[in-house]
Amino acid sequence: MKNNYLYAGKVLWVDLTSGRFWTTPTVSYAERFLGGRGIGVRIIWEKLRAPSIDPLGSDNVLSFNSGPLTGTMMPGSGRCHISSKSPLTGLLGMASFGGSFAPELKYAGYDHLVITGKSAEPVYLAINNEEVTIRSAANIWGLDTYETPKVLHKELNDEEIQWACIGPAGEKLTRFATIMGSTRDSAGGTGLGAVMGSKKLKAVAVRGTGGLRIANPGRFYEVCARTLDSLKGSGPHRTVSIQRLEEEGRRMTNCLSCPTSCEEEYYNPSIRDGVIYYKWFAEMANKIGLRDMAIWRELALLINKNGYDAGSLGDMVVWATELFEQGIISEKDVGFPLARGNGEAYLKLAELIASREGFGDVLAEGLMRATGAIGRGSERYTLRTYAANGDKIPHRLTEFYGHFAEGVAGTRIAFPKEDKAKAETVANIEDAIGRAEIVGSCKWHTEFNGLPLTADILAEVLSTGLGRRMNADEFSIHQKRMRQLERAFNCREGLRREYETLPDQYITDLMMDAHFEGMTKERVRLEAIKDDFYKLRGWDLTTGVPTRTTLESLDLKDVADELEKGT
Amino acid sequence: MRYIISIDATKCNGCRICEMVCSLSHTGACWPERSRLRVVSEETNDRIESIPVLCMQCEVPACRLACPTGATYEGGPTGARLVAAEKCIGCSACVWACPFGASELDVVTRVAHRCDQCEGTPLCVKHCPTGALGYVPEDRLAAAEQRQKIEVLINLQRLIRS
């Protein structure tokens with residue numbers, strides 16, 4: 001990679017403790033890790049060498065990542081991928097949001113923005129091409145995610161900036177707080193908003209006027225145009241009936257360069273404007289059995305404005321309700337009764353979590369810590385495996401993407417009932433998502449969602465854009481390397497095979513209904529599937545740690561050495 | 001017959017694919033800042049509205065009238081309002097004069113640029129996923145607009161009645 005085709009070329013480092021910033025060339029990372037999530041995990045791996053680092057302390061690192069295709073004509077290239085050590089799981093934390101934030105960062109000249117250290121006072125970061133300033137956030141600390149950008153636009157006197165910010169939930173270090181981007185899409189999972197809050201970084205505002213050079217513009221255009229055409233009509237999943245909402249005035253919003261329109265905003269004067277429909281809100285409603293659309297909208301707006309994760313909130317609420325119904329907690333703990341489907345109570349609980357009052361303060365710590373605080377056998381109902389989401393878990397067997405496997409299973413398309421085929425399906429889904437996220441494209445456009453963003457197409461786009469031939473295998477190796485490094489990071493943090501399991505509740509009897517027919521019901525079967533998966537991935541069957549052979553075959557000798565040193 | 005690129009702002013989702021194809025075909029880079037048309041997003045009532053802005057091919061182009069060096073002319077196969085780069089002095093008179101904000105100085109060359117309708121096959125229209133952009137003969141623009149506007153009214157009445 002001698003030229004900087006597709007890449008902006010630089011990594012921007014900002015140390016909030018000293019207030020200093022500097023840049024390094026992207027190329028030193030790109031050869032092995034390509035970009036996006038790949039370089040993101042490499043940065044986290046290098047900067048967090050001591051496993052015991054507090055995710056909410058000044059030593060944690062927060063990296064905003066874009067890939068080589070981010071900000072180009074390639075459909076779905078508006079995603080901003082974020083990585084850090086998660087305050088929710090203590091492992092690698094990753095999430096992403098769409099819009100134009102990461103593209104704008106690239107137009108300003110930076111492929112990655114890495115935040116280190118911790119500011120003494122609330123600040124925000126303003127980037128205008130090569131001009132980087134750390135400014136006081138005294139005016140905006142405490143404001144919600146709808147008010148914050150308004151002030152940013154005004155203070156910076158620029159309507160064209162793209163922004164990312166946290167809401168009050170992130171400031172209060174709620175362990176499932178989100179980082180929200182310009183189209184009000186959130187990087188939801190793993191609590192990265194709390195990391196930003198712990199660094200006292202309220203927002204990042206970016207303006208860039210540069211462009212991304214393309215090695216072969218004619219052919220690049222052709223491949224992108226073809227992909228664009230093949231994505232026509234790829235709308236969002238409609239998981240709730242939204243016919244009534246449509247009559248209230250709907251507006252689609254998009255990420256940069258994407259024809260899919262998977263976000264919708266509604267005009268609803270009875271609630272206030274700007275409620276966003278997105279899959280997660282629908283899923284949350286399903287999870288908690290919410291039928292009242294008015295409450296659903298209130299809840300969606302509350303979540304968006306405070307900036308915490310709808311999926312995690314759903315988990316917390318379901319779990320608390322389950323505990324309440326089982327008699328483990330009572331009105332004395334919560335302050336009011338909880339019952340499945342009782343929207344009023346859910347809304348109250350969500351408000352308590354937002355303000356961190358009473359029982360809300362316990363829940364704001366996330367599922368695992370709340371379990372510890374409550375005790376009394378509540379762990380029987382707690383999903384320990386990477387508490388990202390909590391329902392329909394039987395096939396969640398990997399640290400990151402079991403959730404999406406579940407999404408596919410929900411549609412009954414791809415998820416096999418045969419145990420034998422499960423590990424491979426999960427691995428394929430992980431790989432498809434990984435390939436999209438390493439180049440800075442959107443996972444929703446990949447095969448796992450039935451859409452055509454395959455390794456072949458990505459390799460072709462990269463070849464024409466970078467001006468060097470790369471076939472699907474040569475491209476995919478970067479993703480494989482990234483996946484092993486992610487696993488290595490988690491193992492360095494102490495992840496072992498025995499932690500990858502399911503709560504008793506899912507293994508035994510409680511949740512098994514017709515929907516889970518043929519799914520893993522017994523630990524024995526789960527362990528067999530794990531064996532298959534570890535074999536596929538080249539991980540040690542006893543410990544779950546990537547073997548030296550696996551790592552060395554992917555040019556990760558340095559990682560193998562360090563893992564050995566630590567264990 | 002001249003053609004106009006028509007804009008249906010109610011359909012625009014703000015994806016900016018138009019900016020991408022425009023900058024890619026005119027500059028060989030993905031560079032929205034150098035695109036001949038821009039999608040302007042504005043937040044009102046907590047909602048994000050996006051509207052494309054580009055040359056409307058005025059009958060009496062204000063850009064041409066304002067240009068002190070005669071750099072703006074009507075030419076190309078479509079009679080678009082083009083800029084002769086060698087004559088442009090980068091004074092921004094056309095930027096001030098344009099009623100739509102569709103004239104812009106290029107960030108690199110500092111010469112004015114404007115939509116050239118891709119010599120008759122505008123790529124932004126071709127790739128607009130929502131149909132917010134259209135390419136219509138100038139004498140059909142009014143009819144198309146009228147039809148579009150009454151649809152808004154019809155919808156409004158339906159909303160009021162329900």
# chains A, B, ... in the order shown; residues from 1 in each chain; ligands from 1
$ interface_residues --of "chain B" --to "chain A" --cutoff "8 Å" --atoms "only C-alpha atoms" --output "list in words"
Asn13, Gly14, Cys15, Arg16, Ile17, Met20, Val21, Leu24, Ser25, Gly28, Ala29, Cys30, Trp31, Pro32, Glu33, Asn45, Asp46, Arg47, Ile48, Val107, His127, Pro129, Thr130 and Leu159 of chain B
$ write_last_selection --atoms "N, CA and C atoms" --output "compact mmCIF listing (two decimals), in the first residue's frame"
# COMPACT_ATOMS: atom_id res chain seq x y z
N ASN B 13 -34.24 10.97 1.20
CA ASN B 13 -33.89 10.35 2.48
C ASN B 13 -32.55 10.83 3.02
N GLY B 14 -31.87 11.64 2.24
CA GLY B 14 -30.57 12.15 2.70
C GLY B 14 -29.44 11.16 2.57
N CYS B 15 -29.50 10.22 1.64
CA CYS B 15 -28.43 9.22 1.53
C CYS B 15 -27.20 9.74 0.81
N ARG B 16 -27.36 10.80 0.04
CA ARG B 16 -26.24 11.46 -0.64
C ARG B 16 -25.51 10.59 -1.66
N ILE B 17 -26.22 9.56 -2.16
CA ILE B 17 -25.63 8.78 -3.25
C ILE B 17 -25.39 9.70 -4.45
N MET B 20 -22.14 11.33 -4.18
CA MET B 20 -21.07 10.36 -4.42
C MET B 20 -20.84 10.15 -5.91
N VAL B 21 -21.92 9.83 -6.66
CA VAL B 21 -21.73 9.56 -8.09
C VAL B 21 -21.30 10.83 -8.81
N LEU B 24 -17.61 11.39 -7.96
CA LEU B 24 -16.79 10.31 -8.54
C LEU B 24 -16.65 10.51 -10.05
N SER B 25 -17.76 10.87 -10.73
CA SER B 25 -17.67 10.99 -12.18
C SER B 25 -16.98 12.29 -12.60
N GLY B 28 -13.18 11.89 -10.10
CA GLY B 28 -12.48 10.61 -9.94
C GLY B 28 -12.23 10.25 -8.49
N ALA B 29 -12.84 10.98 -7.57
CA ALA B 29 -12.69 10.68 -6.15
C ALA B 29 -14.07 10.71 -5.49
N CYS B 30 -14.21 10.03 -4.36
CA CYS B 30 -15.45 10.15 -3.59
C CYS B 30 -15.26 11.37 -2.71
N TRP B 31 -15.85 12.47 -3.10
CA TRP B 31 -15.50 13.76 -2.52
C TRP B 31 -16.74 14.67 -2.54
N PRO B 32 -17.66 14.46 -1.61
CA PRO B 32 -18.93 15.20 -1.61
C PRO B 32 -18.74 16.71 -1.71
N GLU B 33 -17.67 17.21 -1.10
CA GLU B 33 -17.44 18.65 -1.09
C GLU B 33 -17.28 19.20 -2.51
N ASN B 45 -38.05 20.65 14.42
CA ASN B 45 -38.91 19.89 15.33
C ASN B 45 -38.34 18.51 15.65
N ASP B 46 -37.03 18.47 15.89
CA ASP B 46 -36.37 17.22 16.21
C ASP B 46 -36.39 16.19 15.10
N ARG B 47 -36.76 16.62 13.91
CA ARG B 47 -36.68 15.68 12.79
C ARG B 47 -35.66 16.18 11.79
N ILE B 48 -35.00 15.25 11.13
CA ILE B 48 -33.99 15.65 10.16
C ILE B 48 -34.61 15.64 8.76
N VAL B 107 -13.42 23.43 -4.05
CA VAL B 107 -12.47 23.58 -2.94
C VAL B 107 -11.01 23.42 -3.38
N HIS B 127 -29.19 7.07 -10.20
CA HIS B 127 -28.94 6.26 -9.00
C HIS B 127 -29.74 6.68 -7.78
N PRO B 129 -32.16 6.40 -5.14
CA PRO B 129 -32.95 5.21 -4.80
C PRO B 129 -34.41 5.50 -4.48
N THR B 130 -34.75 6.75 -4.23
CA THR B 130 -36.13 7.02 -3.82
C THR B 130 -36.94 7.75 -4.89
N LEU B 159 -55.70 13.15 6.08
CA LEU B 159 -55.24 13.22 7.47
C LEU B 159 -56.21 14.01 8.33
$ residues_around --residues "Asp139 of chain B" --least-positions-apart "2" --cutoff "9 Å" --atoms "only C-alpha atoms" --output "MDAnalysis selection string"
chainID B and resid 1:3 136:137 141:143
$ residues_around --residues "Gly366 of chain A" --least-positions-apart "5" --cutoff "10 Å" --atoms "only C-alpha atoms" --output "count of residues only"
17
$ residues_around --residues "segment 112-115 of chain B" --least-positions-apart "3" --cutoff "9 Å" --atoms "only C-alpha atoms" --output "ChimeraX atom specification"
/B:22,34-37,54-57,72,80-85,88-92,94-95,102-106,109,118
$ write_last_selection --atoms "N, CA and C atoms" --output "short mmCIF file (atom, residue, chain, number, x, y, z; two decimals), in the first residue's frame"
data_model
loop_
_atom_site.label_atom_id
_atom_site.label_comp_id
_atom_site.auth_asym_id
_atom_site.auth_seq_id
_atom_site.Cartn_x
_atom_site.Cartn_y
_atom_site.Cartn_z
N CYS B 22 -21.80 11.98 -8.37
CA CYS B 22 -21.43 13.24 -9.01
C CYS B 22 -19.94 13.51 -8.84
N ARG B 34 -16.88 18.36 -3.44
CA ARG B 34 -16.69 18.82 -4.82
C ARG B 34 -17.85 18.41 -5.72
N SER B 35 -18.91 17.87 -5.14
CA SER B 35 -20.07 17.47 -5.93
C SER B 35 -20.80 18.69 -6.48
N ARG B 36 -21.38 18.53 -7.65
CA ARG B 36 -22.12 19.64 -8.27
C ARG B 36 -23.50 19.81 -7.65
N LEU B 37 -23.95 18.83 -6.95
CA LEU B 37 -25.19 19.05 -6.20
C LEU B 37 -24.94 18.67 -4.75
N LEU B 54 -29.45 21.87 -6.47
CA LEU B 54 -28.61 21.87 -7.67
C LEU B 54 -29.16 22.85 -8.70
N CYS B 55 -28.42 23.04 -9.80
CA CYS B 55 -28.78 24.04 -10.81
C CYS B 55 -30.16 23.75 -11.40
N MET B 56 -31.00 24.77 -11.42
CA MET B 56 -32.36 24.63 -11.92
C MET B 56 -32.49 25.12 -13.36
N GLN B 57 -31.36 25.42 -13.98
CA GLN B 57 -31.33 25.84 -15.39
C GLN B 57 -32.26 27.03 -15.64
N THR B 72 -19.45 32.23 -17.40
CA THR B 72 -20.64 31.38 -17.41
C THR B 72 -21.34 31.46 -18.77
N ALA B 80 -26.70 23.31 -20.69
CA ALA B 80 -26.55 23.58 -19.25
C ALA B 80 -25.76 24.86 -19.03
N ARG B 81 -25.89 25.40 -17.80
CA ARG B 81 -25.20 26.66 -17.48
C ARG B 81 -23.79 26.34 -17.01
N LEU B 82 -22.88 26.32 -17.93
CA LEU B 82 -21.52 25.84 -17.63
C LEU B 82 -20.58 26.99 -17.30
N VAL B 83 -19.37 26.62 -16.84
CA VAL B 83 -18.35 27.60 -16.50
C VAL B 83 -17.10 27.32 -17.34
N ALA B 84 -16.62 28.34 -18.03
CA ALA B 84 -15.35 28.20 -18.74
C ALA B 84 -14.24 28.47 -17.71
N ALA B 85 -13.60 27.38 -17.29
CA ALA B 85 -12.65 27.47 -16.17
C ALA B 85 -11.56 28.50 -16.42
N CYS B 88 -12.82 31.97 -15.50
CA CYS B 88 -13.31 32.22 -14.14
C CYS B 88 -12.20 32.79 -13.25
N ILE B 89 -12.54 33.88 -12.54
CA ILE B 89 -11.53 34.47 -11.65
C ILE B 89 -11.83 34.13 -10.18
N GLY B 90 -12.83 33.28 -9.96
CA GLY B 90 -13.13 32.85 -8.58
C GLY B 90 -13.65 33.96 -7.70
N CYS B 91 -14.45 34.88 -8.26
CA CYS B 91 -14.90 36.05 -7.49
C CYS B 91 -16.15 35.76 -6.66
N SER B 92 -16.80 34.59 -6.92
CA SER B 92 -18.01 34.19 -6.18
C SER B 92 -19.27 34.99 -6.52
N CYS B 94 -21.30 34.59 -8.93
CA CYS B 94 -22.37 33.65 -9.28
C CYS B 94 -22.90 32.94 -8.04
N VAL B 95 -22.02 32.74 -7.06
CA VAL B 95 -22.46 32.08 -5.82
C VAL B 95 -23.47 32.97 -5.10
N ALA B 102 -26.88 27.05 -5.91
CA ALA B 102 -26.39 25.92 -6.71
C ALA B 102 -25.04 26.18 -7.37
N SER B 103 -24.54 27.42 -7.28
CA SER B 103 -23.18 27.70 -7.76
C SER B 103 -22.23 27.59 -6.58
N GLU B 104 -21.05 27.07 -6.84
CA GLU B 104 -20.12 26.87 -5.74
C GLU B 104 -18.71 27.02 -6.29
N LEU B 105 -17.77 27.48 -5.47
CA LEU B 105 -16.37 27.45 -5.89
C LEU B 105 -15.78 26.11 -5.47
N ASP B 106 -15.12 25.46 -6.41
CA ASP B 106 -14.49 24.18 -6.11
C ASP B 106 -13.42 24.35 -5.03
N THR B 109 -9.80 23.74 -7.06
CA THR B 109 -9.40 24.62 -8.16
C THR B 109 -9.76 26.08 -7.90
N CYS B 118 -24.44 15.89 -16.71
CA CYS B 118 -23.70 14.74 -17.25
C CYS B 118 -23.93 14.59 -18.75
#
$ atom_distance --atom1 "atom CA of Arg369 of chain A" --atom2 "atom CA of Ile166 of chain A"
22.1 Å
$ residues_around --residues "Asn428 of chain A" --least-positions-apart "5" --cutoff "10 Å" --atoms "only C-alpha atoms" --output "list in words"
Ala405, Lys422, Ala423, Ile433, Gly434, Glu447 and Phe448 of chain A
$ write_last_selection --atoms "C-alpha atoms" --output "mmCIF file, in the first residue's frame"
data_model
loop_
_atom_site.group_PDB
_atom_site.id
_atom_site.type_symbol
_atom_site.label_atom_id
_atom_site.label_comp_id
_atom_site.auth_asym_id
_atom_site.auth_seq_id
_atom_site.Cartn_x
_atom_site.Cartn_y
_atom_site.Cartn_z
ATOM 1 C CA ALA A 405 -27.577 -15.972 14.617
ATOM 2 C CA LYS A 422 -25.016 -25.021 14.077
ATOM 3 C CA ALA A 423 -21.383 -24.183 14.716
ATOM 4 C CA ILE A 433 -20.462 -9.580 9.422
ATOM 5 C CA GLY A 434 -16.731 -9.304 10.066
ATOM 6 C CA GLU A 447 -25.393 -12.784 3.163
ATOM 7 C CA PHE A 448 -26.480 -13.348 6.740
#
$ select_by_dssp --residues "segment 40-273 of chain A" --states "strand (DSSP E)" --output "NGL selection string"
:A and (62-65 or 80-85 or 92-97 or 110-116 or 123-128 or 131-136 or 162-165 or 179-181 or 186-187 or 201-207 or 212-213 or 250-253 or 263-266)
$ residues_around --residues "Ser553 of chain A" --least-positions-apart "5" --cutoff "12 Å" --atoms "only C-alpha atoms" --output "VMD selection string"
chain A and resid 477 480 to 481 484 538 546 to 548 558 to 560
$ write_last_selection --atoms "C-alpha atoms" --output "mmCIF file, in the first residue's frame"
data_model
loop_
_atom_site.group_PDB
_atom_site.id
_atom_site.type_symbol
_atom_site.label_atom_id
_atom_site.label_comp_id
_atom_site.auth_asym_id
_atom_site.auth_seq_id
_atom_site.Cartn_x
_atom_site.Cartn_y
_atom_site.Cartn_z
ATOM 1 C CA ILE A 477 -7.686 -13.484 5.517
ATOM 2 C CA LYS A 480 -9.910 -14.166 9.899
ATOM 3 C CA ARG A 481 -6.892 -12.465 11.474
ATOM 4 C CA GLN A 484 -8.516 -14.396 16.113
ATOM 5 C CA GLY A 538 -8.794 -23.369 15.709
ATOM 6 C CA PRO A 546 -6.596 -19.657 20.043
ATOM 7 C CA THR A 547 -3.754 -22.135 19.521
ATOM 8 C CA ARG A 548 -0.274 -21.073 18.442
ATOM 9 C CA ASP A 558 3.394 -11.700 18.187
ATOM 10 C CA VAL A 559 -0.077 -12.391 19.562
ATOM 11 C CA ALA A 560 0.716 -16.036 20.278
#
$ atom_distance --atom1 "atom CA of Glu74 of chain B" --atom2 "atom CA of Lys87 of chain B"
14.3 Å
$ residues_around --residues "Ala144 of chain B" --least-positions-apart "4" --cutoff "12 Å" --atoms "only C-alpha atoms" --output "PyMOL selection string"
chain B and resi 4-8+134-140+148-151
$ closest_residue --among "A:Gly341, A:Pro452, A:Gly170, A:Gly36" --to "Gly67 of chain A" --atoms "only C-alpha atoms"
A:Gly36
$ atom_distance --atom1 "atom CA of Gly327 of chain A" --atom2 "atom CA of Glu351 of chain A"
23.0 Å
$ select_by_dssp --residues "segment 104-188 of chain A" --states "alpha helix (DSSP H)" --output "list in words"
Glu104, Leu105, Lys106, Tyr107, Glu147, Thr148, Pro149, Lys150, Val151, Leu152, His153, Lys154, Glu155, Leu156, Pro168, Ala169, Gly170 and Glu171 of chain A
$ write_last_selection --atoms "N, CA and C atoms" --output "tab-separated table (two decimals), in the first residue's frame"
chain	number	residue	atom	x	y	z
A	104	GLU	N	-17.21	11.70	7.42
A	104	GLU	CA	-16.73	13.07	7.62
A	104	GLU	C	-15.35	13.07	8.26
A	105	LEU	N	-15.14	12.12	9.18
A	105	LEU	CA	-13.83	11.98	9.82
A	105	LEU	C	-12.77	11.69	8.75
A	106	LYS	N	-13.16	10.85	7.78
A	106	LYS	CA	-12.21	10.53	6.71
A	106	LYS	C	-11.99	11.74	5.80
A	107	TYR	N	-13.06	12.47	5.51
A	107	TYR	CA	-12.90	13.66	4.68
A	107	TYR	C	-12.01	14.69	5.39
A	147	GLU	N	-30.68	17.84	22.36
A	147	GLU	CA	-30.30	19.23	22.61
A	147	GLU	C	-28.81	19.46	22.34
A	148	THR	N	-28.00	18.45	22.69
A	148	THR	CA	-26.54	18.61	22.56
A	148	THR	C	-26.10	19.09	21.18
A	149	PRO	N	-26.52	18.39	20.09
A	149	PRO	CA	-26.04	18.82	18.76
A	149	PRO	C	-26.49	20.24	18.40
A	150	LYS	N	-27.65	20.65	18.89
A	150	LYS	CA	-28.11	22.01	18.59
A	150	LYS	C	-27.10	23.03	19.11
A	151	VAL	N	-26.63	22.78	20.34
A	151	VAL	CA	-25.65	23.70	20.93
A	151	VAL	C	-24.32	23.62	20.18
A	152	LEU	N	-23.95	22.39	19.78
A	152	LEU	CA	-22.70	22.23	19.04
A	152	LEU	C	-22.72	23.05	17.76
A	153	HIS	N	-23.82	22.93	17.01
A	153	HIS	CA	-23.94	23.68	15.76
A	153	HIS	C	-23.79	25.17	16.02
A	154	LYS	N	-24.40	25.62	17.09
A	154	LYS	CA	-24.40	27.04	17.41
A	154	LYS	C	-23.00	27.51	17.84
A	155	GLU	N	-22.40	26.76	18.76
A	155	GLU	CA	-21.09	27.16	19.28
A	155	GLU	C	-20.01	27.16	18.20
A	156	LEU	N	-20.09	26.15	17.33
A	156	LEU	CA	-19.06	26.05	16.29
A	156	LEU	C	-19.46	26.85	15.06
A	168	PRO	N	-27.30	11.87	29.07
A	168	PRO	CA	-27.10	11.78	30.52
A	168	PRO	C	-26.74	10.37	31.00
A	169	ALA	N	-27.22	9.34	30.31
A	169	ALA	CA	-26.90	7.97	30.75
A	169	ALA	C	-25.40	7.71	30.68
A	170	GLY	N	-24.77	8.18	29.61
A	170	GLY	CA	-23.32	8.02	29.48
A	170	GLY	C	-22.57	8.81	30.54
A	171	GLU	N	-23.06	10.02	30.81
A	171	GLU	CA	-22.42	10.85	31.85
A	171	GLU	C	-22.49	10.17	33.21
$ closest_residue --among "A:Ala310, A:Ala528, A:Cys262, A:Leu290" --to "Trp444 of chain A" --atoms "only C-alpha atoms"
A:Cys262
$ closest_residue --among "B:Thr10, B:Thr69, B:Thr78, B:Thr27" --to "Pro122 of chain B" --atoms "only C-alpha atoms"
B:Thr78
